[in-house]
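Colleague: Just start.csv, nothing more (CSV, C-alpha atoms):
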chain,number,residue,atom,x,y,z
A,126,MET,CA,-93.0,-29.3,73.8
A,127,VAL,CA,-93.7,-30.7,70.4
A,128,SER,CA,-97.4,-30.6,71.3
A,129,ALA,CA,-97.1,-26.8,72.0
A,130,VAL,CA,-95.6,-26.3,68.6
A,131,TYR,CA,-98.5,-28.1,66.9
A,132,GLY,CA,-100.9,-26.2,69.1
A,133,LEU,CA,-99.5,-23.0,67.6
A,134,ILE,CA,-99.6,-24.5,64.1
A,135,PHE,CA,-103.3,-25.4,64.5
A,136,LEU,CA,-104.0,-22.0,65.9
A,137,ASN,CA,-102.5,-20.5,62.8
A,138,LEU,CA,-104.5,-22.9,60.7
A,139,LEU,CA,-107.7,-21.5,62.3
A,140,ARG,CA,-106.5,-18.0,61.7
A,141,THR,CA,-105.9,-18.6,58.0
A,142,LEU,CA,-109.2,-20.4,57.7
A,143,ARG,CA,-110.8,-17.2,59.0
A,144,ALA,CA,-108.7,-15.1,56.6
A,145,GLY,CA,-110.0,-16.9,53.5
A,146,GLU,CA,-109.3,-19.7,51.0
A,147,SER,CA,-106.1,-18.4,49.5
A,148,ALA,CA,-104.4,-17.8,52.9
A,149,TYR,CA,-105.6,-21.2,54.2
A,150,THR,CA,-104.5,-23.1,51.1
A,151,ALA,CA,-101.2,-21.4,51.1
A,152,PHE,CA,-100.5,-22.4,54.7
A,153,VAL,CA,-101.6,-26.0,54.2
A,154,GLU,CA,-99.4,-26.2,51.0
A,155,MET,CA,-96.5,-24.7,52.9
A,156,MET,CA,-96.9,-27.4,55.6
A,157,ARG,CA,-96.6,-30.1,52.9
A,158,THR,CA,-93.6,-28.8,51.1
A,159,PRO,CA,-90.5,-31.1,51.4
A,160,PRO,CA,-88.5,-29.3,54.1
A,161,ILE,CA,-91.4,-28.8,56.4
A,162,LEU,CA,-92.9,-32.1,55.5
A,163,TYR,CA,-89.7,-33.9,56.8
A,164,VAL,CA,-89.9,-31.9,60.0
A,165,ASN,CA,-93.5,-32.9,60.2
A,166,LEU,CA,-92.6,-36.5,59.9
A,167,VAL,CA,-90.1,-36.2,62.7
A,168,LEU,CA,-92.5,-34.3,64.9
A,169,PHE,CA,-95.2,-36.9,64.2
A,170,ALA,CA,-92.9,-39.7,65.3
A,171,LEU,CA,-92.3,-37.8,68.5
A,172,LEU,CA,-96.0,-37.3,69.0
A,173,VAL,CA,-96.6,-41.1,68.6
A,174,TRP,CA,-93.7,-41.7,71.0
A,175,HIS,CA,-95.2,-39.3,73.5
A,176,ALA,CA,-98.5,-41.1,73.3
A,177,VAL,CA,-96.9,-44.6,73.8
A,178,THR,CA,-94.8,-43.4,76.8
A,179,TRP,CA,-97.8,-41.6,78.3
A,180,PHE,CA,-99.9,-44.7,78.1
A,181,MET,CA,-97.0,-46.7,79.7
A,182,LEU,CA,-96.9,-44.1,82.5
A,183,ILE,CA,-100.5,-44.2,83.5
A,184,GLY,CA,-100.5,-47.6,85.1
A,185,LYS,CA,-97.2,-46.7,87.0
A,186,ALA,CA,-97.9,-43.2,88.1
A,187,GLN,CA,-101.5,-43.7,89.0
A,188,PRO,CA,-102.0,-47.4,89.7
A,189,ILE,CA,-105.5,-48.5,88.8
A,190,GLN,CA,-107.1,-50.7,91.5
A,191,PHE,CA,-110.4,-52.6,91.2
A,192,THR,CA,-109.4,-55.5,93.4
A,193,GLU,CA,-107.0,-56.1,96.2
A,194,ARG,CA,-103.9,-55.6,94.0
A,195,PRO,CA,-103.6,-52.8,91.4
A,196,LEU,CA,-103.7,-53.8,87.7
A,197,PRO,CA,-100.3,-54.5,86.1
A,198,TRP,CA,-99.1,-51.5,84.1
A,199,LYS,CA,-98.9,-53.6,81.0
A,200,ALA,CA,-102.6,-54.4,81.2
A,201,VAL,CA,-103.4,-50.7,81.7
A,202,PHE,CA,-101.1,-49.9,78.7
A,203,GLY,CA,-102.9,-52.4,76.5
A,204,VAL,CA,-106.3,-51.0,77.4
A,205,ASN,CA,-105.1,-47.5,76.7
A,206,VAL,CA,-103.8,-48.5,73.3
A,207,LEU,CA,-107.1,-50.1,72.4
A,208,LEU,CA,-108.8,-47.0,73.6
A,209,TRP,CA,-106.4,-44.9,71.5
A,210,ILE,CA,-107.4,-46.8,68.4
A,211,ALA,CA,-111.1,-46.4,69.2
A,212,VAL,CA,-110.7,-42.7,69.9
A,213,SER,CA,-108.7,-42.2,66.6
A,214,GLY,CA,-111.5,-44.0,64.7
A,215,ALA,CA,-114.1,-41.7,66.4
A,216,VAL,CA,-112.1,-38.6,65.4
A,217,VAL,CA,-111.9,-39.9,61.8
A,218,TYR,CA,-115.7,-40.2,61.6
A,219,LEU,CA,-116.9,-37.4,63.9
A,220,ILE,CA,-114.4,-34.7,63.2
A,221,PHE,CA,-113.2,-35.4,59.7
A,222,GLY,CA,-116.3,-37.0,58.2
A,223,GLY,CA,-114.9,-40.5,57.6
A,224,PHE,CA,-113.2,-41.7,54.5
B,497,MET,CA,-108.6,-54.0,121.0
B,498,ALA,CA,-111.1,-51.7,122.7
B,499,GLU,CA,-108.9,-51.8,125.8
B,500,GLU,CA,-105.8,-50.8,123.8
B,501,ILE,CA,-107.5,-47.8,122.4
B,502,GLY,CA,-108.9,-46.8,125.8
B,503,SER,CA,-105.5,-47.1,127.4
B,504,THR,CA,-103.9,-45.0,124.7
B,505,HIS,CA,-106.4,-42.2,125.3
B,506,GLU,CA,-105.6,-42.3,128.9
B,507,SER,CA,-101.8,-42.2,128.5
B,508,LEU,CA,-101.4,-38.5,127.6
B,509,GLY,CA,-97.7,-38.4,128.5
B,510,TYR,CA,-96.6,-40.6,125.5
B,511,ASN,CA,-98.9,-40.8,122.6
B,512,PRO,CA,-97.0,-41.4,119.3
B,513,GLY,CA,-99.0,-41.1,116.1
B,514,ARG,CA,-102.0,-39.8,117.9
B,515,GLU,CA,-101.3,-36.1,118.0
B,516,THR,CA,-104.3,-33.9,117.1
B,517,VAL,CA,-104.3,-33.2,113.3
B,518,HIS,CA,-106.3,-30.3,112.1
B,519,ALA,CA,-107.9,-30.6,108.7
B,520,ASP,CA,-107.1,-26.9,108.0
B,521,PRO,CA,-103.8,-26.1,109.7
B,522,LYS,CA,-103.0,-22.5,110.3
B,523,THR,CA,-99.4,-22.5,109.4
B,524,GLY,CA,-99.2,-18.9,108.2
B,525,GLU,CA,-98.0,-20.0,104.8
B,526,PRO,CA,-100.1,-18.9,101.7
B,527,GLU,CA,-102.3,-21.5,100.3
B,528,VAL,CA,-100.9,-23.3,97.2
B,529,PHE,CA,-103.4,-22.8,94.4
B,530,LEU,CA,-101.7,-22.2,91.1
B,531,GLU,CA,-99.2,-25.1,91.2
B,532,PRO,CA,-101.8,-27.9,91.3
B,533,LEU,CA,-103.9,-26.1,88.8
B,534,LEU,CA,-101.0,-25.9,86.3
B,535,TRP,CA,-100.1,-29.6,86.9
B,536,GLY,CA,-103.7,-30.5,86.4
B,537,LEU,CA,-103.8,-28.7,83.1
B,538,PHE,CA,-100.5,-30.3,82.1
B,539,SER,CA,-102.0,-33.7,82.9
B,540,LEU,CA,-105.2,-33.0,81.0
B,541,GLY,CA,-103.2,-31.7,78.1
B,542,GLY,CA,-101.0,-34.8,78.1
B,543,PHE,CA,-104.1,-37.0,77.7
B,544,ILE,CA,-105.5,-34.8,74.9
B,545,THR,CA,-102.1,-34.8,73.2
B,546,ALA,CA,-101.7,-38.5,73.5
B,547,PHE,CA,-105.2,-39.5,72.3
B,548,LEU,CA,-106.0,-36.9,69.7
B,549,PHE,CA,-102.9,-35.4,68.2
B,550,PRO,CA,-101.4,-38.3,66.2
B,551,ILE,CA,-104.5,-39.0,64.2
B,552,THR,CA,-105.1,-35.2,63.6
B,553,VAL,CA,-101.6,-34.5,62.4
B,554,PHE,CA,-101.6,-37.7,60.3
B,555,LEU,CA,-104.9,-36.7,58.5
B,556,LEU,CA,-104.2,-33.1,58.0
B,557,PHE,CA,-100.5,-32.9,57.1
B,558,LEU,CA,-99.2,-36.4,56.2
B,559,ALA,CA,-101.7,-38.9,54.9
B,560,PRO,CA,-102.9,-37.0,51.8
B,561,VAL,CA,-99.3,-36.2,50.8
B,562,PHE,CA,-98.2,-39.8,50.7
B,563,GLY,CA,-101.5,-41.0,49.2
B,564,LEU,CA,-102.5,-42.9,52.4
B,565,TRP,CA,-106.0,-41.4,52.5
B,566,PRO,CA,-108.6,-41.4,49.8
B,567,SER,CA,-109.6,-37.8,50.3
B,568,ASP,CA,-107.9,-34.6,51.6
B,569,PRO,CA,-109.4,-33.7,55.0
B,570,ALA,CA,-107.4,-30.4,55.0
B,571,ALA,CA,-108.8,-29.2,51.7
B,572,TYR,CA,-110.4,-25.8,52.2
B,573,VAL,CA,-113.9,-26.8,51.1
B,574,THR,CA,-113.9,-30.0,53.2
B,575,PHE,CA,-112.4,-28.4,56.3
B,576,ALA,CA,-114.6,-25.3,56.1
B,577,ALA,CA,-117.7,-27.5,55.8
B,578,HIS,CA,-116.7,-29.5,58.9
B,579,TRP,CA,-115.7,-26.3,60.8
B,580,ARG,CA,-119.4,-25.3,60.9
B,581,GLU,CA,-120.1,-28.1,63.4
B,582,PRO,CA,-119.8,-27.2,67.1
B,583,LEU,CA,-118.2,-30.5,67.9
B,584,VAL,CA,-115.3,-29.8,65.5
B,585,ARG,CA,-114.9,-26.3,67.0
B,586,LEU,CA,-114.8,-27.8,70.5
B,587,PHE,CA,-112.4,-30.5,69.3
B,588,PHE,CA,-109.9,-27.9,68.0
B,589,PHE,CA,-110.3,-25.7,71.1
B,590,ALA,CA,-109.5,-28.6,73.4
B,591,LEU,CA,-106.6,-29.7,71.1
B,592,ILE,CA,-105.0,-26.3,71.1
B,593,GLY,CA,-105.6,-25.4,74.7
B,594,GLY,CA,-104.5,-28.8,76.0
B,595,SER,CA,-101.4,-29.0,73.9
B,596,LEU,CA,-100.3,-25.5,74.8
B,597,PHE,CA,-100.7,-26.0,78.6
B,598,HIS,CA,-99.0,-29.4,78.3
B,599,GLY,CA,-96.1,-28.3,76.2
B,600,THR,CA,-95.3,-25.0,77.9
B,601,HIS,CA,-95.3,-26.6,81.4
B,602,ARG,CA,-93.0,-29.3,80.1
B,603,LEU,CA,-90.8,-26.7,78.4
B,604,LYS,CA,-90.5,-24.8,81.7
B,605,PHE,CA,-89.0,-27.8,83.5
B,606,MET,CA,-86.8,-28.6,80.6
B,607,LEU,CA,-85.3,-25.1,80.8
B,608,VAL,CA,-85.0,-25.4,84.6
B,609,ASP,CA,-83.2,-28.7,84.2
B,610,ALA,CA,-80.9,-27.1,81.6
B,611,GLY,CA,-79.8,-24.6,84.2
B,612,LEU,CA,-82.3,-21.7,84.2
B,613,ARG,CA,-82.7,-21.9,88.0
B,614,GLY,CA,-83.5,-19.3,90.6
B,615,PRO,CA,-86.7,-17.8,92.0
B,616,GLY,CA,-86.6,-14.8,89.6
B,617,ILE,CA,-85.8,-16.8,86.5
B,618,GLU,CA,-88.4,-19.5,87.2
B,619,ALA,CA,-91.0,-16.8,88.0
B,620,ALA,CA,-90.2,-15.2,84.6
B,621,LEU,CA,-90.5,-18.5,82.8
B,622,ASP,CA,-93.8,-19.1,84.6
B,623,VAL,CA,-95.2,-15.7,83.4
B,624,ILE,CA,-93.9,-16.0,79.8
B,625,LEU,CA,-94.8,-19.6,79.1
B,626,ASN,CA,-98.2,-19.5,80.9
B,627,ALA,CA,-99.0,-16.3,79.1
B,628,ILE,CA,-98.3,-18.1,75.8
B,629,ALA,CA,-100.6,-20.9,76.8
B,630,ILE,CA,-103.4,-18.6,78.1
B,631,VAL,CA,-103.3,-16.3,75.1
B,632,GLY,CA,-103.2,-19.2,72.7
B,633,THR,CA,-106.1,-20.9,74.4
B,634,LEU,CA,-108.1,-17.7,74.4
B,635,GLY,CA,-107.3,-17.3,70.7
B,636,ALA,CA,-108.6,-20.8,70.0
B,637,LEU,CA,-111.7,-20.0,72.0
B,638,TYR,CA,-112.2,-16.8,69.9
B,639,TYR,CA,-111.9,-18.7,66.6
B,640,ALA,CA,-114.1,-21.5,68.0
B,641,VAL,CA,-117.0,-19.3,68.9
B,642,ARG,CA,-116.7,-16.7,66.1
B,643,GLY,CA,-119.2,-17.3,63.4
B,644,TRP,CA,-121.1,-19.5,65.7
B,645,LEU,CA,-122.0,-17.4,68.8
B,646,PHE,CA,-121.2,-14.1,67.1
B,647,VAL,CA,-120.1,-12.9,63.6
Here is the file; what I need is its structure written in the form of structure tokens.
Modeller:
Amino acid sequence: MVSAVYGLIFLNLLRTLRAGESAYTAFVEMMRTPPILYVNLVLFALLVWHAVTWFMLIGKAQPIQFTERPLPWKAVFGVNVLLWIAVSGAVVYLIFGGF
Amino acid sequence: MAEEIGSTHESLGYNPGRETVHADPKTGEPEVFLEPLLWGLFSLGGFITAFLFPITVFLLFLAPVFGLWPSDPAAYVTFAAHWREPLVRLFFFALIGGSLFHGTHRLKFMLVDAGLRGPGIEAALDVILNAIAIVGTLGALYYAVRGWLFV
């Protein structure tokens, strides 16, 4: 559900980007003011929790099988966490232009 | 082994587990189409949310505020410059669409678990929440292609 909230926030971000610099900057500043910033911190923690539990779920809900026995869910979780780090690095460079 | 199979074929009176199974049974019930599609979009959205959301929210709304990033990726000049790239537009379209279908589908079952049960109520929840996801995704598509495919 948190993801849908952020989906609407990002949709509004694109709307304000289209509207112009003042509208966009006002929205980003509003997202960073203390009351909403604290909400953002909580929602961010929930997003990370969602990611961790999702990766834990993959090896259990959809066992991955290359050999006679499926891979242990902990191994699948570890691979997904490494993949998560790699994808996050790719997002930093490909979407946000690096450091 | 071959004899066993042969004898089973001959014994038509008792034949457990060997009834004829049609690949396309005509049961008279309508074919289920929407349910697996919505669950598929939920699952796809779950992957998108898990892999892409934390880093995006961190960079845009948190890291610059706490001085954890050398630049501000959400600054208008920076973001508007990146927004010209098709990959960035595709990224935000997938991010918004995936998150909306994932979140609204999850919300529906949270509300059902909270007591909003019944065919009418669940149908209404389906319509309202899927409408939010579809309209939001179409909105993201509009912003993603505007200025790129048309002005």
Colleague: Return the neighbours of chain B among the residues of chain A, cut-off 8 Å, counting all atoms listed in the file, as a ChimeraX atom specification.
Modeller: /A:126-133,135-136,139-140,142-143,146,149-150,153,156-157,162,165-166,169,172-173,175-177,179-180,209,212-213,216-217,219-222,224
Colleague: Any idea what the distance is between CA of Gly145 (chain A) and CA of Pro159 (chain A)?
Modeller: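 Result for CA of Gly145 (chain A) versus CA of Pro159 (chain A): 24.2 Å, one decimal.
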Colleague: Which residue, A:Ile183, A:Ala211, A:Val167, A:Ala151, has the smallest gap to Trp198 (chain A) when you use only C-alpha atoms?
Modeller: A:Ile183
Colleague: What gap, in Å, lies between CA of Ile134 (chain A) and CA of Met155 (chain A)?
Modeller: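 Between these atoms lies a distance of 11.6 Å.
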Colleague: To one decimal place in Å, what is the distance between CA of Phe202 (chain A) and CA of Leu586 (chain B)?
Modeller: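 Spanning CA of Phe202 (chain A) to CA of Leu586 (chain B) is a straight-line distance of 27.3 Å.
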Colleague: For Lys199 (chain A), which residue among A:Ala186, A:Met181, A:Ala215, A:Leu168 is the nearest when counting only C-alpha atoms?
Modeller: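 That would be A:Met181, the residue with the smallest distance to Lys199 (chain A).
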Colleague: So which one's closest to Thr178 (chain A), A:Glu193, A:Thr158, A:Asn205, A:Tyr163? Using all atoms listed in the file, please.
Modeller: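 Among the listed residues, A:Asn205 lies closest to Thr178 (chain A).
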